[in-house]
Every structure is written in structure tokens, then in C-alpha cells.
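Participant: Quick one: structure below, then a few questions.
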Amino acid sequence: MNLFNLMIDENEPGYSPLSPSNARRLNMRSALNSPSRFSLPDLSETDQSTGSEGRDTPTESEKQALLTTEMKLQKVRARREEMNRIREIHLFDKNQQALERAQKNKERKREKMRKTTSGRNAKVQARRNLMEKKQRERLTSMECKLHSAVSRAEQICRKKQIKARNIKRAGKAKKRRELLEFERRSALLSGVDRRSEKAQKNIEMILKDRKCKARGEIEHAQRVSRRVRAARILQRAARAVFGVTEPQDKGSAAVQIQCWAAWRLNVASHRFVSKGGAVLESLKNVLSKMGHHNVSFSRSSISFEMLTTEMGKDETLHAANIFLSAFQPILGTIPCISDRTLLSVFLIDQQPIAVLGPKRDTDKCSSFLERCSHRLVKVLIDLARMNDDENHSYRAATVKDAAACLLSYCTLFEKWKNADIDNLVMQMAKSATQSWIAYFTAKETRNGDPFFQHKIRSKSSKRGAWSHIKRIHSSLQKLLGVDEALGVMKSARKKAMERIDEDDLLKESRSEIDIVCETEAEEAQSEDSASVGMQDAAALDDVNEHVVHEILLADNDDLSGQLFKDPVSSVVDCVESFMAKFKSDISQCEVTADTFAFKMEKAFFDQMKDNWIHSKDVKGMHEMLAEIFMKMRNLVPKRTDLHNYFSHDEALRCSTACDFLEMLARIGNVMGDSLESPHRAESTLQWLKATVLFCSGKTNVPFGFPDIESYVVVSMAFLVKKLDVCHADIVNYRLVKVTPLIRANGIGYERQRFGQKHGSTIDGLHGTKSWLERMKPAIVECNANLVTILKEGFVDELLFVQERISMPEVLCLDAARIGSIRERIQRIVISSSLFLHACNIVHIRFASLQSEEALSKVKFDKNEIMKSLKNNLSYDELYKKVSSSVVSFAKGIAGKDIENDVREQLLSATDSVLKGSDPVLSLMDKRVRDVFRTACTLNMNPDKQHKAPKTMRAGIGKGPGPLAKNELRELFCEEIRKYSTKLGFNVVTDDLVDAAYDAFKVIDHCVKVHDENIFNPIANELKKANDDQM
């Protein structure tokens, strides 16, 4: 085969190199055309300059041709390899494409199978659901049949039981009685066994404790006897040495020898030569470290830093402590004598300028301290030079001199150290005293001040003084500690109060306030007399007679607190709290008058919402809108031109929630802008803003309501409540205007109203006559005052009456108050009985409790018991709560946990009191009746009380006048509190005094109103009837 046939000329036009991009085109070439791509070289024209043809050696041109042929062969091999590689790549791509097509086919088959399977599953599920539905229907029908069969069987069984009930009832009752009797006997026997076992254990424990105590006492007596013998030996030896006669009393002899100065000095001197000379060695060690040599003890100059470093070392402090322990028999335990104080003497002796500073020459304490330091160092050097062979008297004198120098130096050093702190504390105490004075004067002069400028001034002074006091207290705590700082502040407070009393600092402030108050009162009285006179007495007809009665019974302080202060905050003053209260569940709340009223209102609006949502009935909504319109018109009754701003037809046109909400927004806008006061309008405007934002689509349903219907209904309730509050404010304002008229003419008004109701005669007053007939023996036979008889009859025949009687007509306005007093009396009697039992069981008197913590705990338990008795609970719940409070009360007054037997006694007493079978309960009932009889018949004559006033009136006054109601109340409460405390009502004294004062006000006012027109005629009629019978 000719090799030139495999060669390809690269310069040919048809030549293209092989690459992966043209591999397919190379494969598509035909085999016939392949050889034509190769061209054979023309050998005749290759080399025209060669020699003869028969030459044996190749020429240069031949060699060149051979090299060219080899290069072409190499290229051909390379091209063939490239073609093989391209073929492999092409085959790999085909394999990948085949795999992808196989995967796609597989996925397509899977999807097809899935669709087929899902269709079959749906059919299977539908068939299954149908079968389950049929099964449920069959089960339902079977249950109905079973239920009807069971009901028939129950009816038949009930009939049979009714027939056999009378026969079985007697047998069951007999078995029940036998079982109860057996249980009672078993419980009694088990209780006896348990108590006997407990008593046996207690006896064993008592005997064991007595044995241990006796053993300890015997050992203690032995130790004491050994010490007494040793002390007597020492006493005899001391008396023999010093020639002292023996005293007759052994105790006085022991005291004399213990307090004998010579004996103490001898003990201290002996310590310097005993214990192997440890005390002297410690002293020499201290002197050597502080710059004094061991041999001559001459002082060498040491810097301040080196001295302080040596003073802080543990071995130096330990040596100083050993040396100071030798002086304990003479000096005892004095806080100012310490190891560091002893070492400071060397610092002052060698570096006085660095320690004492510039006050070294001017300050007396510093100069005395420096001289004492020099003297003490000298005495310490003398002690260090002392040997064991020294005379005893010389050694004792040196020790005594050292103790005196040490005590004087330590005292002066403590004084010098605390001089700056004492000066600072003195200045701060002075500042605290001034702040206390400002605080108390501001606090006392503000009481009773009704004017704004005086309030602002007193509040500012009080706030600033209190802030300064707190800062001073905090600084003193950092300087002195908590206890000492508290003592300094108490001392400053005491000095401030003494100075206020001595200088009468409140007189000027109170005089100024009294002058302003009197001026204002005179102006108000002149205005009231000019604007409200007797010619306007018809104005009382517009006021409810119950309101007039309450104003006449109220004290000045209570009346001013209710009518003349800022408006009382209501739940509608905060729209968030009102909405949250309507959304919350109040079924678990405590049942009170307010919560019950709110529950009823909420139930009404919930029913209106349910009718609107479920029944599409908007009649209730229209009626509520009409009521809102009416309330708004009543706020401005004289502005008839504004009454048609909202019409009833507009309310009837509202059908959807958006219509109602737009109408309520208009109502809220008018209320907040024109009808309400600025104080009340804040919550209305806040609700209006939230509603407008919701109507414009910028927010969700306001205040977290689930739907718009609920929000509309609650908003309507909110606006109704706001209108009611506005009406109440107007009524209070009118009451303020007519209060002086009511005070002056209220009794005549009540007599007039009583005559209009019951007539001008006493024939129709059956309840009052029946009440007085119950007091007929006292009225006829007794010569006492009729008023006293009526007041005692009010207590005995009305408050504490056992049978049911009709309420007298003269007390109809006080029926609710009398009922409240009865309930309070019942709670007071039960609580006082429980507390008296608890005090007797734990053997503690209530009057012995002095700590504020114990009294606050007692007050908390008392309030819990009162709260439990006030609520309408079942007996089990009541017993559970009251017993827990009684046990807690017993723990509080005892100050420790109580034992089980004490707990059982408390529970038993609680059970008997709550069931009404306790003798203490009967006793307290009699005592509380005595308290109320004393309270209602108490003589509160102003003339008699004015002769010995309880307190003096501060400031300028026009002269002595009758006692005010608040002063009468103070006198009343003081007398009844003393009397009730004597009878054992210590814990419930405040509640008892309040109830007694209410009863006193009721009967006293009733006597004032009806004494002449009602009571005297009926009493005369009873006396006349009794005389006729005689």
C-alpha cells in the first residue's frame, strides 16, 4: 500500500480540520468520495535540480520529502485519534438522550397510572362514604328504637319503684339510722383511742425532756461547783496575801474579787511573764517592724509607704493582737481598741505631718493625739525592755501606765477619725430637721384648704421637702449604715416636731387659710341667700324625697366629699376599659350591686344583638336610638330648636350595621362637641375617632371585636351610659345649689311630704302604732323621757326583734338602711365570736398585739371573714373560707404555726358559731344589743359638750359656737369605741362603731321629724287607753 495515498494536502480548498462541531458532517461523507480528497505528489516535478536517477545516496530533496512524509503520517494518526474521540463523545450523547427518553416514558406511564388510580380511589371513597352514611342511618334508627325502649323500661321501672317505695323506705331509713349510729360510735371510739395514744406520747416526751433537762442541770451544777471551789480558793489566797477580812456573804466576795482593780492588774502583769514570754516577744516584733531595733529600741527613719506596708501584713497584725490580749483584764472589750489602731501610733509618731495634715498645729484633737502617740511609744519601749527579774510592783505600774496611755490614745484616735463624719452628719441632720419642718407645715396646713393656689403652694413645698429628706436619708445610709442613719433621721424628725410645737409654726399658715375660708363662706352664704330663699321652696318638689333624706342624714364631711369635689370617675370615662369589660366574662366575678346591674345591662344588649343577627329583628335597635334621642333632648329641654336635629324617621331608616354606625357617629359628634363637659368628652371623642377610621376603611373593627354587629351594639350601650352619666352630673350640680335650702328646711319638707302620703291624722299609721304598742309598758309605767323610750324601742323592738313585723311608716325612707344595719350586726356578732374563740384557744389577748405587721394581718383576716359572710354562699363553702381565715388569724396573733389539737378546737368552734349553737354567740348578741342601746340613747347635747371641747380650733374665729357634725361624730365614735372594746369587740370595733352611728342617725332624725306630730299623740292615746282600762 502506497503511503502517499493516506496523505492529504492541507492547502487544498476542501480540507477542513476535524473537530467536535463537524463530526456529524464527517460521518455523512460517502466512502466513494473519500479517496478523491487525497492527491499523489508529482514525482517528476518534485525536484528538477537533482542529478542522475541511478544515484544510490539520497539527495537533500529526497531527505526533505521523507521528513515531510513522516510529519503527514503523524498528523494522520492524530486526526484518526481525534475522530475516535469524537465518535465516543457522539455515542455518549446518544446514550444520554436514550436514557432521558426512557426516563420520560417511565414518568409518563407513572402519571397515567396515578390518574387511573386516583379516579378509582375517588370512586372507592364515595362508595365507602355512602356505606358509612347508610350505616349511620341504621345506627340512628336503632338508637332511637333503643332510646324509646329504654324510656318505656324506665317508666315501667319507675312505676314499680313507686309501688315499692313506701315499703322499702322504712327499711332503708332503719338501716341508715343504724349505719349512722355505728359510724358515730366508731368515730367516737377512734377519737378516744387517738387522743389516748396522743396523750401517752405526750407524757413520754415530757418525761424524756425532763430527764434530759435534769441531766443537763446536774452537769451544769457540777461545773458551777468546781468553779465556785476554785474561786473560793483564790479568794482565800488573795485575802491571805493582802490581809483582807473574809465577808459573810459569798456572793459579795465573788463580786469584790472580780471587780478588784489590783486583782485585774495582777492578772494582766502576770500575762507579760507567763506563756513563755509570748506577749513581750510580740511587742518586740511589732517594735522591730515599726523601726525600733531589738537591742536599744532606738527609732530609725522609715517612709510613710513602708510603715503602711508593714502595718498591713498578717504577722504584724497577729503580733499586735497577742499584745492587746494581755490588757483584756484591765480594759475589757472596747470597740475602739484594735490591732490597726495600735499600729497607727507608730505612723503618727514617725510621720505626723503626713497623717495629721495642716490641722496638726491648729486642731486641739490632732495635737493631743500626737502627744499621746509619743507617750504611748515610750511606754511600749519601756515594756519591751522589762525582764522577768523585774520587781512585781514596777512591772504592775508599767503595765498600768501602758493601759492608761493605750486607752487615751485609742479614744482620741477614734474622735479624730470621726471628726469629719460627725461634722457632716450634724449638718445633714440640721438640714433634715428643716426639711421635716417644711414637710409637716405643708402637710398640716393643706388639710381643709379648698382653694387652688393654697393647694399648689402646699403640695410644692411638701413634695420638695420630702424629696430632700429622701436624699439626706440615702446619703446617711452610705456614711453611717442603715440603722444609724435611721436613728439620725428619727432624731431630726423629733426635733422638727418639737420645734413646730414650741414655735407654733402652723399658726400663721392656718390663720391665713381660716381668713380665706371665712371670706369665701360669707360670700357663698350671701349668694345663696340672694339666689335661693324661702320663696323658692317649690324647688324642693323637683328633688326626690329620698335624696333630701340622705342629705339630711349625711355629715358635713361626707356631703362635701360627694357633692363639692371633682366628678366621680366612671367606667365610661375610659373607652378601652368599657369595651374590654363588655367583651370579658364576668360570670365568675363577685356578686355585688354594681356587677349585678352590669350583668343585667349586658344581658339586655346581648339579647338585642341576637335578635338582630339571627332573627333580623331591628326593632330593639330602633327603640334604643329613640331612647338616645330622648335622653339628648332632656339634657337641653329649653332648646326646642335643636330637638329636631335627630328624628325618629331617621332611626327607622337604619337597617344595616353601617347605617347604625353612621347614626351613632353623628350622635357621638354632637355629644362630645356640645353636650358633655371637657372632662367627660375625652372618651367620647376617642370612640368617635376610632369609629371614623373604621368607617373610612383604614382600620379593622375597633377594640378587637369579632364582627361589626357586636361593635355597633356595644357602642350604643356606651353612648347610653355616657348620657346617663351626664344626667347624673346635672343632678349633682342642682343638688349643690339646693343643698343649703335642704339643710335649712328639710325637716319641714319631710313633715309635709309625710302628711301628703299618710294624711294629717294618725289613724292610718298602723305600723307605727303597732311598733309603739310593743313599747306600751315602758311608755305607760315609766316616767322617763319619751325620746329615750323611743330610741330603746328602736333597738329592742326593731333592730333586734325576733319575729317578723311591719315597718313603721315613720321609718319607711330608712327601710333599706335598717336592713343593712341588721346584716352588718349579724356579721359583726359572728366575727367577734370567732375572734374571741380564737384568742381564748391560743391564750393571747388581742390588746397585747402591738406590731403593725400583726395588726395588718388581723385586719386582713377580719375583712376576709366579713366578705365571706356577706356573699351568698352555701354552708360548705362558707365553712371552708371562714375556717381558713380563723386559722390564719390564730397563726397571726400567735406568731407561729398552731398544733393539730388547737386547729381542731378552732374548726369545732367555727362550726358551732356558724350553725348558731354556740353560747359565745348568744353572749356577743346580748352585748352588741347593749352597745346599740347605749349608742342610740347617747346624750350628744351641744351645750354640755361645748363646755369641755375636745380640741382647740386653730386660726382666727368669731367666737365659740355650737359643735359641728364632724365634731359630734368624733365624740360619739370615741365613746362607743371605748364601750365596745370593754365588751370584747376589739377586732370589729370600727365596723361596730360605723353601724351604731348609722342607727343613731336614723332614730335621732326620725324623732326630730315626728316627735310632736306623731309620737306624742300616739303616746298620749296609749296612756289614755290604759287609764280607761284601769
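Residues are referred to by chain and number: the chain letter is A, B, ... according to the order shown in the C-alpha cells, the number counts from 1 in that chain, and ligands are numbered separately from 1 in the order shown.
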Identify, on the basis of only C-alpha atoms, every residue whose closest approach to Gly704 (chain A) does not exceed 12 Å; exclude the query and any residue fewer than 4 positions from it along the same chain; express the result as a VMD selection string.
Facilitator: chain A and resid 576 579 to 580 582 to 584 690 694 699 to 700 708 710 to 711
Participant: Using only N, CA and C atoms, please write the residues we just selected to a file, as an mmCIF file, in the first residue's frame.
Facilitator:
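The resulting file, selection_27.cif, is reproduced below:
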```cif
data_model
loop_
_atom_site.group_PDB
_atom_site.id
_atom_site.type_symbol
_atom_site.label_atom_id
_atom_site.label_comp_id
_atom_site.auth_asym_id
_atom_site.auth_seq_id
_atom_site.Cartn_x
_atom_site.Cartn_y
_atom_site.Cartn_z
ATOM 1 N N GLU A 576 -61.527 52.173 76.380
ATOM 2 C CA GLU A 576 -60.915 50.850 76.281
ATOM 3 C C GLU A 576 -61.395 49.935 77.399
ATOM 4 N N MET A 579 -65.069 48.837 76.749
ATOM 5 C CA MET A 579 -65.180 47.800 75.721
ATOM 6 C C MET A 579 -64.622 46.464 76.229
ATOM 7 N N ALA A 580 -63.502 46.518 76.965
ATOM 8 C CA ALA A 580 -62.937 45.280 77.498
ATOM 9 C C ALA A 580 -63.862 44.638 78.515
ATOM 10 N N PHE A 582 -67.148 44.786 78.504
ATOM 11 C CA PHE A 582 -68.257 44.155 77.779
ATOM 12 C C PHE A 582 -67.817 42.870 77.098
ATOM 13 N N LYS A 583 -66.558 42.814 76.659
ATOM 14 C CA LYS A 583 -66.075 41.608 75.994
ATOM 15 C C LYS A 583 -65.728 40.501 76.985
ATOM 16 N N SER A 584 -65.365 40.860 78.228
ATOM 17 C CA SER A 584 -64.912 39.871 79.206
ATOM 18 C C SER A 584 -66.093 39.080 79.763
ATOM 19 N N ALA A 690 -61.943 56.433 66.611
ATOM 20 C CA ALA A 690 -61.796 55.033 66.182
ATOM 21 C C ALA A 690 -62.904 54.629 65.223
ATOM 22 N N PHE A 694 -62.597 53.492 61.166
ATOM 23 C CA PHE A 694 -63.130 52.225 60.687
ATOM 24 C C PHE A 694 -64.090 52.445 59.515
ATOM 25 N N THR A 699 -58.916 50.985 59.184
ATOM 26 C CA THR A 699 -58.620 50.034 60.262
ATOM 27 C C THR A 699 -59.640 48.908 60.248
ATOM 28 N N ASN A 700 -59.356 47.883 61.042
ATOM 29 C CA ASN A 700 -60.303 46.791 61.244
ATOM 30 C C ASN A 700 -61.362 47.215 62.261
ATOM 31 N N ILE A 708 -68.825 43.472 63.183
ATOM 32 C CA ILE A 708 -69.294 44.858 63.256
ATOM 33 C C ILE A 708 -70.589 44.962 64.045
ATOM 34 N N SER A 710 -71.470 43.333 66.800
ATOM 35 C CA SER A 710 -71.149 43.427 68.234
ATOM 36 C C SER A 710 -70.637 44.815 68.581
ATOM 37 N N TYR A 711 -69.805 45.358 67.707
ATOM 38 C CA TYR A 711 -69.273 46.696 67.978
ATOM 39 C C TYR A 711 -70.376 47.745 67.959
#
```
Participant: So which bits of region 567-751 of chain A end up alpha helix (DSSP H) when you DSSP the backbone, as JSON, numbers by chain?
Facilitator: {"A": [575, 576, 577, 578, 579, 580, 581, 582, 583, 593, 594, 595, 596, 597, 598, 599, 600, 601, 602, 603, 604, 605, 606, 607, 608, 609, 610, 611, 612, 613, 619, 620, 621, 622, 623, 624, 625, 626, 627, 628, 629, 630, 631, 632, 633, 634, 635, 648, 649, 650, 651, 652, 657, 658, 659, 660, 661, 662, 663, 664, 665, 666, 667, 668, 669, 670, 678, 679, 680, 681, 682, 683, 684, 685, 686, 687, 688, 689, 690, 691, 692, 693, 694, 695, 708, 709, 710, 711, 712, 713, 714, 715, 716, 717, 718, 719, 720, 721, 722, 723, 724, 725, 726, 727, 728, 729, 730, 731, 732, 733, 734, 735, 736, 737, 738, 739, 740, 741, 742, 743, 744, 745, 746, 747, 748, 749, 750, 751]}
Participant: Which is closer to Ser282 (chain A) than all the others in A:Ala319, A:Ala909, A:Ala432, A:Ile730, using only C-alpha atoms?
Facilitator: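 Among the listed residues, A:Ala319 lies closest to Ser282 (chain A).
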Participant: Grab the CA of Ser980 (chain A) to CA of Arg927 (chain A) distance for me, in Å with one decimal place.
Facilitator: 8.5 Å
Participant: So which residues touch Leu324 (chain A) within 12 Å, counting only C-alpha atoms, skipping near sequence neighbours fewer than 6 positions away, as a tab-separated table (two decimals) with C-alpha atoms, in the first residue's frame?
Facilitator:
```tsv
chain	number	residue	atom	x	y	z
A	268	ALA	CA	-2.51	41.49	133.30
A	271	ARG	CA	0.50	37.64	131.35
A	272	PHE	CA	3.65	39.54	130.39
A	278	ALA	CA	4.85	35.45	124.07
A	279	VAL	CA	3.40	38.89	124.85
A	280	LEU	CA	6.81	40.55	125.18
A	282	SER	CA	5.04	40.03	120.12
A	283	LEU	CA	5.69	43.58	121.37
A	286	VAL	CA	5.99	44.94	116.45
A	317	LEU	CA	-1.45	42.29	112.91
A	318	HIS	CA	-1.25	38.93	114.67
A	330	ILE	CA	-7.90	45.78	132.72
A	331	LEU	CA	-9.61	47.33	129.69
A	332	GLY	CA	-12.12	44.66	128.83
A	333	THR	CA	-13.61	44.67	125.32
A	334	ILE	CA	-13.62	48.20	123.89
A	337	ILE	CA	-9.03	49.37	120.73
A	338	SER	CA	-7.88	47.20	117.82
A	339	ASP	CA	-4.70	45.98	116.20
A	340	ARG	CA	-4.74	48.60	113.42
A	341	THR	CA	-5.36	51.38	115.94
A	342	LEU	CA	-2.33	50.22	117.95
A	343	LEU	CA	-0.12	50.13	114.85
A	380	LEU	CA	5.76	50.44	124.88
A	399	VAL	CA	1.50	47.82	132.75
A	402	ALA	CA	0.66	51.42	129.34
A	403	ALA	CA	-3.06	50.60	129.68
A	406	LEU	CA	-3.39	52.95	125.23
A	407	LEU	CA	-6.95	53.84	126.27
```
